[in-house]
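What follows is the content of start32.txt, which has compact mmCIF, C-alpha atoms:
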# COMPACT_ATOMS: atom_id res chain seq x y z
CA MET A 1 131.74 153.52 101.06
CA HIS A 2 128.19 152.32 100.34
CA TYR A 3 127.21 148.96 101.80
CA ILE A 4 126.41 147.46 98.41
CA ASP A 5 129.91 148.43 97.23
CA GLN A 6 131.49 146.87 100.30
CA TYR A 7 129.44 143.75 99.67
CA LEU A 8 130.72 143.50 96.10
CA LEU A 9 134.30 143.75 97.40
CA HIS A 10 133.42 140.92 99.79
CA LEU A 11 132.29 138.82 96.81
CA LEU A 12 135.37 139.88 94.81
CA ARG A 13 137.68 138.65 97.57
CA ASP A 14 135.91 135.29 97.68
CA PHE A 15 136.14 135.02 93.88
CA SER A 16 139.85 135.92 93.90
CA LEU A 17 140.72 133.29 96.49
CA LYS A 18 138.82 130.58 94.61
CA VAL A 19 140.47 131.50 91.30
CA THR A 20 143.89 131.40 92.96
CA ASP A 21 143.17 127.94 94.38
CA ALA A 22 141.95 126.70 90.98
CA TYR A 23 145.15 127.88 89.27
CA SER A 24 147.23 126.24 92.01
CA GLU A 25 145.59 122.93 91.10
CA PHE A 26 145.88 123.61 87.32
CA ASP A 27 142.08 123.37 87.10
CA PHE A 28 141.57 125.78 84.21
CA GLY A 29 138.00 124.61 83.65
CA GLN A 30 137.13 125.70 87.19
CA VAL A 31 138.75 129.09 86.52
CA ILE A 32 136.46 129.62 83.53
CA ARG A 33 133.39 128.55 85.52
CA LEU A 34 134.29 130.95 88.32
CA LEU A 35 134.79 133.80 85.85
CA GLN A 36 131.49 133.12 84.10
CA GLY A 37 129.60 132.92 87.38
CA PHE A 38 131.12 136.07 88.85
CA ILE A 39 130.68 138.16 85.69
CA SER A 40 127.17 137.01 84.75
CA ARG A 41 125.64 136.58 88.22
CA ASP A 42 127.40 138.88 90.69
CA LEU A 43 128.29 141.71 88.30
CA SER A 44 125.84 141.81 85.39
CA SER A 45 122.64 140.48 86.95
CA PHE A 46 123.16 141.97 90.40
CA TYR A 47 125.63 144.81 90.91
CA PHE A 48 125.47 146.63 87.58
CA SER A 49 121.66 146.67 87.53
CA ILE A 50 121.63 148.32 90.96
CA VAL A 51 124.40 150.93 90.72
CA LYS A 52 123.87 152.24 87.18
CA ASP A 53 121.46 154.93 88.40
CA ARG A 54 124.03 156.21 90.92
CA LEU A 55 126.86 155.97 88.41
CA TYR A 56 125.04 157.77 85.60
CA CYS A 57 122.85 160.28 87.43
CA ASP A 58 124.64 161.41 90.61
CA THR A 59 126.97 164.41 90.60
CA GLU A 60 130.41 163.69 89.16
CA GLY A 61 132.29 163.99 92.45
CA SER A 62 129.63 162.58 94.79
CA LEU A 63 130.63 160.08 97.46
CA GLY A 64 128.25 157.44 96.09
CA ARG A 65 129.60 157.70 92.55
CA ARG A 66 133.24 157.64 93.65
CA SER A 67 132.50 154.65 95.87
CA CYS A 68 131.13 152.79 92.84
CA GLN A 69 134.08 153.79 90.66
CA THR A 70 136.50 152.49 93.29
CA VAL A 71 134.83 149.09 93.21
CA LEU A 72 134.78 149.02 89.40
CA GLU A 73 138.53 149.69 89.31
CA GLU A 74 139.18 146.82 91.74
CA VAL A 75 136.91 144.50 89.75
CA LEU A 76 138.62 145.36 86.47
CA ASP A 77 142.05 144.73 87.99
CA ALA A 78 141.04 141.37 89.53
CA VAL A 79 139.27 140.07 86.41
CA THR A 80 142.15 141.17 84.17
CA ARG A 81 144.66 139.30 86.31
CA SER A 82 142.34 136.27 86.50
CA ILE A 83 142.25 135.83 82.74
CA ALA A 84 145.94 136.64 82.22
CA PRO A 85 147.28 133.03 82.31
CA ILE A 86 144.63 131.96 79.77
CA LEU A 87 144.34 135.08 77.58
CA PRO A 88 147.70 136.82 78.09
CA HIS A 89 147.59 139.19 75.12
CA LEU A 90 144.05 140.39 75.86
CA ALA A 91 144.84 140.83 79.56
CA GLU A 92 148.00 142.79 78.77
CA GLU A 93 146.13 145.14 76.41
CA VAL A 94 143.39 145.78 78.98
CA TYR A 95 145.97 146.40 81.70
CA LEU A 96 147.91 148.93 79.63
CA HIS A 97 144.72 150.99 79.15
CA SER A 98 143.59 150.71 82.78
CA PRO A 99 144.15 153.31 85.53
CA GLY A 100 145.89 152.76 88.83
CA HIS A 101 149.34 151.44 87.88
CA THR A 102 152.73 152.70 86.75
CA GLU A 103 152.71 153.70 83.08
CA GLY A 104 154.62 151.25 80.93
CA GLU A 105 154.69 148.55 83.61
CA PRO A 106 153.74 145.15 82.08
CA LEU A 107 150.99 143.11 83.70
CA PHE A 108 153.12 140.02 84.21
CA ARG A 109 155.64 141.95 86.31
CA SER A 110 153.05 143.58 88.54
CA GLY A 111 152.07 140.61 90.69
CA TRP A 112 148.92 138.54 91.19
CA ILE A 113 145.38 139.47 92.30
CA LYS A 114 145.33 141.87 95.25
CA ALA A 115 142.45 140.77 97.53
CA SER A 116 142.51 142.63 100.84
CA SER A 117 141.45 140.83 104.01
CA VAL A 118 139.57 144.02 104.96
CA TRP A 119 137.05 143.19 102.22
CA LYS A 120 135.77 140.17 104.12
CA GLN A 121 132.58 141.21 105.93
CA PRO A 122 130.23 138.31 106.76
CA GLY A 123 127.95 140.56 108.83
CA LEU A 124 127.43 142.84 105.86
CA GLU A 125 126.74 139.78 103.73
CA GLU A 126 123.74 138.96 105.94
CA ALA A 127 122.41 142.52 105.63
CA VAL A 128 122.56 142.60 101.84
CA GLU A 129 121.28 139.05 101.38
CA GLY A 130 118.38 139.78 103.73
CA ALA A 131 117.52 142.85 101.65
CA CYS A 132 117.86 140.77 98.47
CA ALA A 133 115.36 138.23 99.84
CA ILE A 134 112.90 141.07 100.34
CA ARG A 135 113.63 142.41 96.86
CA ASP A 136 113.01 138.99 95.34
CA SER A 137 109.57 138.90 96.99
CA PHE A 138 108.85 142.37 95.61
CA LEU A 139 110.01 141.60 92.06
CA SER A 140 108.16 138.28 91.94
CA SER A 141 104.93 140.08 92.84
CA ILE A 142 105.22 142.37 89.78
CA PRO A 143 106.46 139.98 87.04
CA GLY A 144 107.53 141.73 83.84
CA LYS A 145 107.02 145.23 85.26
CA ASN A 146 109.47 148.03 86.01
CA ALA A 147 110.33 148.17 89.72
CA ALA A 148 110.89 151.93 89.44
CA GLN A 149 107.16 152.38 88.79
CA TYR A 150 106.38 151.41 92.38
CA ASP A 151 106.67 152.86 95.86
CA LEU A 152 107.61 150.13 98.30
CA VAL A 153 106.49 149.62 101.87
CA ILE A 154 108.56 147.07 103.80
CA ALA A 155 107.32 145.88 107.17
CA ILE A 156 109.68 143.77 109.30
CA GLU A 157 108.93 142.27 112.68
CA PRO A 158 110.98 143.90 115.47
CA GLY A 159 114.20 141.96 115.82
CA LEU A 160 117.61 141.39 114.30
CA LEU A 161 116.50 141.60 110.65
CA PHE A 162 114.86 144.99 111.22
CA GLU A 163 118.03 146.32 112.84
CA ILE A 164 120.15 145.02 109.96
CA ILE A 165 117.91 146.44 107.21
CA GLU A 166 117.61 149.73 109.10
CA SER A 167 121.35 150.23 108.53
CA LEU A 168 120.51 150.65 104.82
CA GLN A 169 117.90 153.36 105.46
CA GLU A 170 117.89 155.60 108.51
CA GLN A 171 114.76 157.56 107.56
CA PRO A 172 111.29 155.93 107.66
CA THR A 173 110.77 156.88 103.99
CA SER A 174 113.37 157.75 101.37
CA SER A 175 113.79 157.98 97.60
CA CYS A 176 117.60 158.01 97.69
CA SER A 177 118.62 155.58 100.44
CA GLN A 178 120.83 152.53 99.92
CA LEU A 179 117.76 150.37 100.58
CA THR A 180 115.81 152.11 97.80
CA GLU A 181 118.77 151.65 95.47
CA LEU A 182 118.90 147.95 96.27
CA MET A 183 115.14 147.53 95.77
CA MET A 184 115.32 149.60 92.55
CA SER A 185 112.01 151.22 93.51
CA SER A 186 111.21 154.93 93.34
CA ARG A 187 110.65 155.29 97.07
CA THR A 188 110.89 152.93 100.03
CA SER A 189 109.30 153.03 103.47
CA LEU A 190 110.63 150.84 106.29
CA LEU A 191 108.11 150.11 109.06
CA SER A 192 107.46 147.54 111.76
CA SER A 193 104.01 146.70 110.35
CA LEU A 194 102.05 147.42 107.17
CA PRO A 195 99.66 150.40 107.37
CA ARG A 196 95.98 149.55 107.57
CA ASP A 197 95.09 152.19 104.98
CA LEU A 198 96.97 150.70 102.03
CA PRO A 199 95.32 151.55 98.69
CA PRO A 200 93.21 148.75 97.19
CA HIS A 201 95.58 148.37 94.21
CA ALA A 202 98.60 147.68 96.44
CA ILE A 203 100.30 144.32 95.78
CA THR A 204 101.33 142.56 98.97
CA SER A 205 103.64 139.60 99.61
CA ARG A 206 105.17 137.96 102.67
CA GLY A 207 108.22 135.89 103.47
CA LYS A 208 110.77 134.84 106.07
CA PHE A 209 114.55 135.16 106.23
CA LEU A 210 116.91 133.15 108.42
CA ILE A 211 119.77 135.20 109.85
CA ASN A 212 122.91 133.19 110.55
CA LEU A 213 125.77 135.08 112.18
CA GLU A 214 128.98 134.19 114.02
CA GLY A 215 129.22 130.77 112.39
CA GLY A 216 125.74 129.77 113.52
CA ASP A 217 125.99 131.05 117.09
CA ILE A 218 123.39 133.72 116.28
CA ARG A 219 120.35 132.38 114.42
CA GLU A 220 117.02 134.10 114.08
CA GLN A 221 114.16 133.64 111.63
CA CYS A 222 112.34 136.88 110.94
CA GLY A 223 109.17 137.55 108.99
CA TYR A 224 108.58 140.46 106.65
CA SER A 225 105.77 141.88 104.49
CA VAL A 226 106.08 143.92 101.31
CA ALA A 227 103.50 146.20 99.70
CA ALA A 228 104.14 147.51 96.19
CA ILE A 229 102.09 150.61 95.36
CA PRO A 230 102.04 152.12 91.83
CA CYS A 231 103.69 155.54 91.87
CA SER A 232 101.49 158.61 91.87
CA LEU A 233 104.31 160.89 90.67
CA SER A 234 105.60 161.34 87.11
CA ARG A 235 108.71 159.92 85.50
CA CYS A 236 111.82 162.08 85.47
CA PRO A 237 113.13 162.32 81.87
CA ARG A 238 116.75 162.24 83.11
CA CYS A 239 116.97 159.41 85.65
CA ARG A 240 113.67 157.73 84.64
CA ARG A 241 112.55 157.30 88.22
CA TYR A 242 109.03 158.28 89.20
CA ASN A 243 109.83 161.19 91.52
CA SER A 244 108.81 164.22 89.44
CA GLU A 245 105.98 166.45 90.57
CA GLU A 246 104.92 167.18 86.98
CA PRO A 247 105.24 165.32 83.64
CA ASN A 248 108.38 166.06 81.59
CA CYS A 249 110.05 167.83 84.51
CA LEU A 250 113.21 166.84 86.34
CA CYS A 251 112.91 165.31 89.79
CA PRO A 252 114.39 167.24 92.76
CA ARG A 253 117.60 165.19 92.69
CA CYS A 254 118.25 165.76 88.98
CA GLN A 255 117.43 169.45 89.32
CA ALA A 256 120.10 169.71 92.02
CA VAL A 257 122.64 167.77 89.91
CA THR A 258 122.07 169.83 86.77
CA GLY A 259 122.01 173.13 88.62
CA GLY A 260 118.27 173.74 88.57
CA GLY A 261 115.87 173.98 85.69
CA GLY A 262 112.79 171.84 85.66
CA GLN A 263 112.88 170.85 82.01

Translate the structure of the given file into structure tokens.
Amino acid sequence: MHYIDQYLLHLLRDFSLKVTDAYSEFDFGQVIRLLQGFISRDLSSFYFSIVKDRLYCDTEGSLGRRSCQTVLEEVLDAVTRSIAPILPHLAEEVYLHSPGHTEGEPLFRSGWIKASSVWKQPGLEEAVEGACAIRDSFLSSIPGKNAAQYDLVIAIEPGLLFEIIESLQEQPTSSCSQLTELMMSSRTSLLSSLPRDLPPHAITSRGKFLINLEGGDIREQCGYSVAAIPCSLSRCPRCRRYNSEEPNCLCPRCQAVTGGGGQ
């Protein structure tokens, strides 16, 4: 399963436990606030914006797409059960049209939210949040512009942060890594220092991220630099990423998905 999908399950578990505690205290206002925050912040603003390319454009049975679908099924189930005490008829209707349960079984006889302890991964949380800090620096350097129009060069000082981010991209440069997906760029390079021959129109930014693992036993502040370079390739008409060799032609990934054909 992709790291970003595992991270969302980590957030879903935390959300489920907090909702359960709020219901135990009959704090229905807190339940609504938790639902609004999880749906608007964690799902809509974060997860959906990242995985839609993989969900829409990868092959139907690909590992990445099935990983995303697995998470979406768990999210739908947890959110449906979370709203059930407040909106019982809506929750029941959603549940009856959802996959993954016995046909004809009513929601209110199927138990409460199922949040697995396996979903808790604080180490993975540091990896994704470190990458998100880098992405925020990148996006703030190109306000109002499409991140997919840029190739990204990320330079991280040797240390714990580099090792963590490297788990998201094994190759030095990739257009289909989990790091590229998270950055929403067309291509991402991960280096230990920025190249000296960056083009003059490259947009650079710098920042620091504090890693806090094992309850504070492992703490390390690491610096990073980001260079955003406008893409030299053309936009693919299918996935709308700038990885096509020629205008109005499919990129190599989309050609492979559709069975060839450059148009």

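Take the candidates A:Arg54, A:Ile113, A:Phe15, A:Glu25 and check each one against Gly37 of chain A using only C-alpha atoms; the shortest distance goes to A:Phe15.
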
Could you tell me which of A:Gln36, A:Ser232, A:Ser44, A:Asn212 comes closest to Glu129 of chain A if we count all atoms listed in the file?
A:Asn212

Taken to one decimal, the atom CA of Glu93 of chain A-atom CA of Gly111 of chain A distance is 16.1 Å

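With only C-alpha atoms taken into account, the protein and nucleic acid residues at most 12 Å from Asp21 of chain A (excluding it and anything under 6 positions from it in its own chain) are Asp14, Phe15, Asp27, Phe28, Gln30, Val31, Leu34, Ser82 and Ile113 of chain A.
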
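Here atom CA of Arg206 of chain A is placed at a distance of 8.9 Å from atom CA of Ala227 of chain A.
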
Every residue with an atom at most 12 Å from (114.6, 167.6, 93.9) (file coordinates; only C-alpha atoms) is what I'm after, so could you write them as a VMD selection string?
chain A and resid 175 to 176 236 239 241 to 246 249 to 262

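You will find atom CA of Ala131 of chain A at 16.8 Å from atom CA of Tyr150 of chain A.
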
So which residues are close to (102.8, 145.5, 94.8), meaning at most 10 Å away in the file's coordinates with only C-alpha atoms counted, and can you show them as JSON, numbers by chain?
{"A": [137, 138, 139, 140, 141, 142, 147, 150, 151, 152, 153, 201, 202, 203, 204, 205, 226, 227, 228, 229, 230]}

Here is a test: counting only C-alpha atoms, which residue of A:Pro195, A:Gly29, A:Pro247, A:Gly159 is nearest to Gly223 of chain A?
A:Gly159

What would segment 242-253 of chain A look like with all heavy atoms restored, written as a short mmCIF file (atom, residue, chain, number, x, y, z; two decimals), in the coordinates of the input?
data_model
loop_
_atom_site.label_atom_id
_atom_site.label_comp_id
_atom_site.auth_asym_id
_atom_site.auth_seq_id
_atom_site.Cartn_x
_atom_site.Cartn_y
_atom_site.Cartn_z
N TYR A 242 110.33 157.62 89.09
CA TYR A 242 109.03 158.28 89.20
C TYR A 242 109.00 159.16 90.46
O TYR A 242 108.29 158.88 91.43
CB TYR A 242 107.92 157.23 89.20
CG TYR A 242 107.73 156.59 87.85
CD1 TYR A 242 108.64 155.65 87.38
CD2 TYR A 242 106.68 156.94 87.01
CE1 TYR A 242 108.50 155.07 86.12
CE2 TYR A 242 106.53 156.37 85.75
CZ TYR A 242 107.44 155.43 85.32
OH TYR A 242 107.29 154.87 84.07
N ASN A 243 109.75 160.26 90.39
CA ASN A 243 109.83 161.19 91.52
C ASN A 243 109.59 162.63 91.12
O ASN A 243 109.85 163.55 91.90
CB ASN A 243 111.22 161.09 92.17
CG ASN A 243 111.42 159.77 92.90
OD1 ASN A 243 110.49 159.24 93.50
ND2 ASN A 243 112.63 159.22 92.84
N SER A 244 109.05 162.86 89.92
CA SER A 244 108.81 164.22 89.44
C SER A 244 107.40 164.66 89.79
O SER A 244 106.45 163.89 89.67
CB SER A 244 109.01 164.30 87.92
OG SER A 244 110.34 163.99 87.58
N GLU A 245 107.29 165.92 90.20
CA GLU A 245 105.98 166.45 90.57
C GLU A 245 105.08 166.65 89.36
O GLU A 245 103.86 166.54 89.46
CB GLU A 245 106.15 167.79 91.31
CG GLU A 245 106.89 167.68 92.63
CD GLU A 245 106.11 166.93 93.68
OE1 GLU A 245 104.87 166.83 93.54
OE2 GLU A 245 106.72 166.43 94.64
N GLU A 246 105.69 166.93 88.19
CA GLU A 246 104.92 167.18 86.98
C GLU A 246 105.51 166.40 85.81
O GLU A 246 106.72 166.11 85.81
CB GLU A 246 104.92 168.68 86.64
CG GLU A 246 104.29 169.56 87.71
CD GLU A 246 104.35 171.03 87.34
OE1 GLU A 246 104.79 171.33 86.20
OE2 GLU A 246 103.99 171.86 88.18
N PRO A 247 104.71 166.05 84.80
CA PRO A 247 105.24 165.32 83.64
C PRO A 247 106.31 166.15 82.90
O PRO A 247 106.22 167.38 82.83
CB PRO A 247 103.99 165.12 82.76
CG PRO A 247 102.84 165.23 83.71
CD PRO A 247 103.25 166.23 84.75
N ASN A 248 107.31 165.46 82.39
CA ASN A 248 108.38 166.06 81.59
C ASN A 248 109.21 167.08 82.35
O ASN A 248 109.84 167.95 81.76
CB ASN A 248 107.81 166.70 80.32
CG ASN A 248 107.08 165.71 79.45
OD1 ASN A 248 107.54 164.58 79.26
ND2 ASN A 248 105.92 166.11 78.93
N CYS A 249 109.22 166.96 83.68
CA CYS A 249 110.05 167.83 84.51
C CYS A 249 111.04 166.98 85.31
O CYS A 249 110.75 165.84 85.66
CB CYS A 249 109.19 168.65 85.47
SG CYS A 249 108.22 169.93 84.65
N LEU A 250 112.20 167.56 85.58
CA LEU A 250 113.21 166.84 86.34
C LEU A 250 112.76 166.66 87.79
O LEU A 250 112.06 167.50 88.35
CB LEU A 250 114.54 167.59 86.31
CG LEU A 250 115.21 167.78 84.95
CD1 LEU A 250 116.53 168.51 85.11
CD2 LEU A 250 115.43 166.45 84.25
N CYS A 251 113.18 165.55 88.38
CA CYS A 251 112.91 165.31 89.79
C CYS A 251 113.82 166.21 90.62
O CYS A 251 114.80 166.77 90.11
CB CYS A 251 113.13 163.84 90.13
SG CYS A 251 114.85 163.29 89.97
N PRO A 252 113.55 166.37 91.93
CA PRO A 252 114.39 167.24 92.76
C PRO A 252 115.87 166.87 92.72
O PRO A 252 116.74 167.76 92.71
CB PRO A 252 113.79 167.05 94.16
CG PRO A 252 112.35 166.72 93.91
CD PRO A 252 112.36 165.89 92.66
N ARG A 253 116.19 165.58 92.72
CA ARG A 253 117.60 165.19 92.69
C ARG A 253 118.27 165.65 91.40
O ARG A 253 119.37 166.23 91.43
CB ARG A 253 117.75 163.67 92.82
CG ARG A 253 119.20 163.22 92.76
CD ARG A 253 119.37 161.72 92.71
NE ARG A 253 118.85 161.12 91.49
CZ ARG A 253 119.25 159.93 91.01
NH1 ARG A 253 120.15 159.24 91.67
NH2 ARG A 253 118.73 159.44 89.92
#
